[in-house]
Each structure stands twice: as structure tokens, then as C-alpha cells.
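> This is the structure I want to talk about, given as C-alpha cells.
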Amino acid sequence: MGFSAPLSFASRFRYEAAVGVGLWENEVVHVFSGLHDGEVVPNTDEAEDFCWQALDPIWEDVKARPHRYTPWFRLYSQASWFAIRQQAVEERYSLSL
């Protein structure tokens with residue numbers, strides 16, 4: 001996304017998910033988080049677009065239009081660490097996203 005930030009370990013997440021055309025993922029993901037307070041300039045070879053959103057609209061959209069999200073993101077959005085990281089950002093920046 002065109003920036004770097006110090007990272008800290010947030011969680012380890014194991015999931016299994018059908019990813020289409022008879023393919024199945026069985027993954028262990030090490031989740032790290034960091035905060036960046038600056039411009040985001042994505043590499044167009046890596047990302048077509050991006051946006052920042054609060055968690056509630058993301059959860060609502062995942063429920064309403066799950067096909068727009070990868071199987072693993074749908075699982076991540078239900079994980080406890082997903083909400084905890086959002087709370088940390090809001091507290092740090094005194095935000096109400």
C-alpha cells in the first residue's frame with residue numbers, strides 16, 4: 001500500500017475454506033497489526049483500489065454481499081482480534097469511525 005509501519009503480533013488464526021472450483025484452503029495465518037498515520041499510495045500492480053471504513057459497515061456489507069469478499073476475509077471479520085484492533089485505532093486517534 002505504499003507505506004511501512006512497525007508491526008506487533010495480534011493473533012494466530014487457523015481456518016479451512018472452500019475457495020471455488022473444487023479447491024480448499026487449510027491455513028495457519030500469523031496476524032500482525034500496525035498503525036500508519038500518513039498518505040497511502042498503493043502500487044497499482046498490487047492493488048486496484050482501497051478504502052478506509054469502520055467495522056460496522058464492513059460487517060454489514062460482508063453479511064449482505066459475501067460474494068464481494070474472499071473466504072478468509074469473511075472468517076477474519078468474525079474473529080475477536082479484528083474488533084480489538086479497530087478499538088485500539090479509535091482509542092489512539094480519538095476517533096469514532
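In the C-alpha cells, the first chain shown is A, the next is B, and so on; residue numbers restart at 1 for each chain, and ligands run from 1 in the order shown.
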Need to verify the contact set: Ala79 of chain A, 10 Å, only C-alpha atoms, exclusion of same-chain residues closer than 5 positions in sequence. Can you return it as number ranges by chain?
A: 11, 13, 73-74, 84
> Could you write out that same residue set with C-alpha atoms as a PDB file, in the first residue's frame?

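So out10.pdb came out as:
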ATOM      1  CA  SER A  11      -3.016 -13.400  16.701  1.00  0.00           C
ATOM      2  CA  PHE A  13      -5.648 -17.770  13.028  1.00  0.00           C
ATOM      3  CA  PHE A  73     -11.746 -12.247   4.964  1.00  0.00           C
ATOM      4  CA  ARG A  74     -15.270 -13.385   5.807  1.00  0.00           C
ATOM      5  CA  ILE A  84      -9.949  -5.372  19.153  1.00  0.00           C
TER       6      ILE A  84
END
> If you run DSSP on the backbone, which residues of chain A are strand (DSSP E), as a list in words?
Ser8, Phe9, Ala10, Ser11, Arg12, Phe13, Arg14, Tyr15, Glu16, Ala17, Ala18, Val19, Gly20, Leu23, Trp24, Glu25, Asn26, Glu27, Val28, Val29, His30, Val31, Phe32 and Ser33 of chain A
> Using only C-alpha atoms, which of the listed residues (A:Phe3, A:Tyr76, A:Tyr15, A:Tyr69) sits closest to Val28 of chain A?
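Of all the options, A:Tyr15 lies closest to Val28 of chain A.
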> Need the shell around segment 58-63 of chain A: protein/DNA/RNA residues with any atom at most 12 Å away, counting only C-alpha atoms. Skip same-chain ones fewer than 3 positions apart. Format as a list in words?
Cys51, Trp52, Gln53, Ala54, Leu55, Pro66, His67, Arg68, Tyr69, Thr70, Pro71, Trp72, Phe73, Arg74, Leu75, Tyr76, Ser77, Gln78, Ala79, Phe82, Ala83, Gln86 and Leu97 of chain A
> Within 10 Å of His36 of chain A, counting only C-alpha atoms, which residues qualify if same-chain residues fewer than 5 places away don't, as a ChimeraX atom specification?
/A:3-6,89
> Can you pull out every residue within 7 Å of Glu16 of chain A, counting only C-alpha atoms, but drop anything in the same chain fewer than 3 positions away, and send it as a PyMOL selection string?
chain A and resi 25-27
> Quick one: distance from atom CA of Ser8 of chain A to atom CA of Val31 of chain A in Å, one decimal?
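Result for atom CA of Ser8 of chain A versus atom CA of Val31 of chain A: 8.7 Å, one decimal.
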> Could you jot down the atom CA of Val21 of chain A to atom CA of Glu46 of chain A separation for me, Å, one decimal place?
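Those two atoms sit 23.8 Å apart.
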> Out of segment 39-92 of chain A, which residues get helix (DSSP H, G or I) from DSSP, as JSON, numbers by chain?
{"A": [55, 56, 57, 58, 59, 60, 61, 62, 63, 64, 66, 67, 68, 71, 72, 73, 74, 75, 76, 80, 81, 82, 83, 84, 85, 86, 87, 88, 89, 90, 91, 92]}
> Please measure the separation of atom CA of His30 of chain A and atom CA of Ala18 of chain A, giving the value in Å to one decimal.
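Atom-to-atom, atom CA of His30 of chain A to atom CA of Ala18 of chain A, that is 19.9 Å.
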> List as a list in words the protein and nucleic acid residues near Pro42 of chain A, meaning an atom at most 12 Å away when only C-alpha atoms are counted, but skip any in the same chain fewer than 2 places from it.
Met1, Gly2, Phe3, Ser4, Glu39, Val40, Thr44, Asp45, Glu46, Ala47, Glu48, Asp49, Phe50 and Cys51 of chain A
> Find the residue from A:Arg65, A:Trp81, A:Pro57, A:Ala17 that sits nearest to Phe32 of chain A; use only C-alpha atoms when measuring.
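Going through A:Arg65, A:Trp81, A:Pro57, A:Ala17 one by one, the smallest distance to Phe32 of chain A is for A:Trp81.
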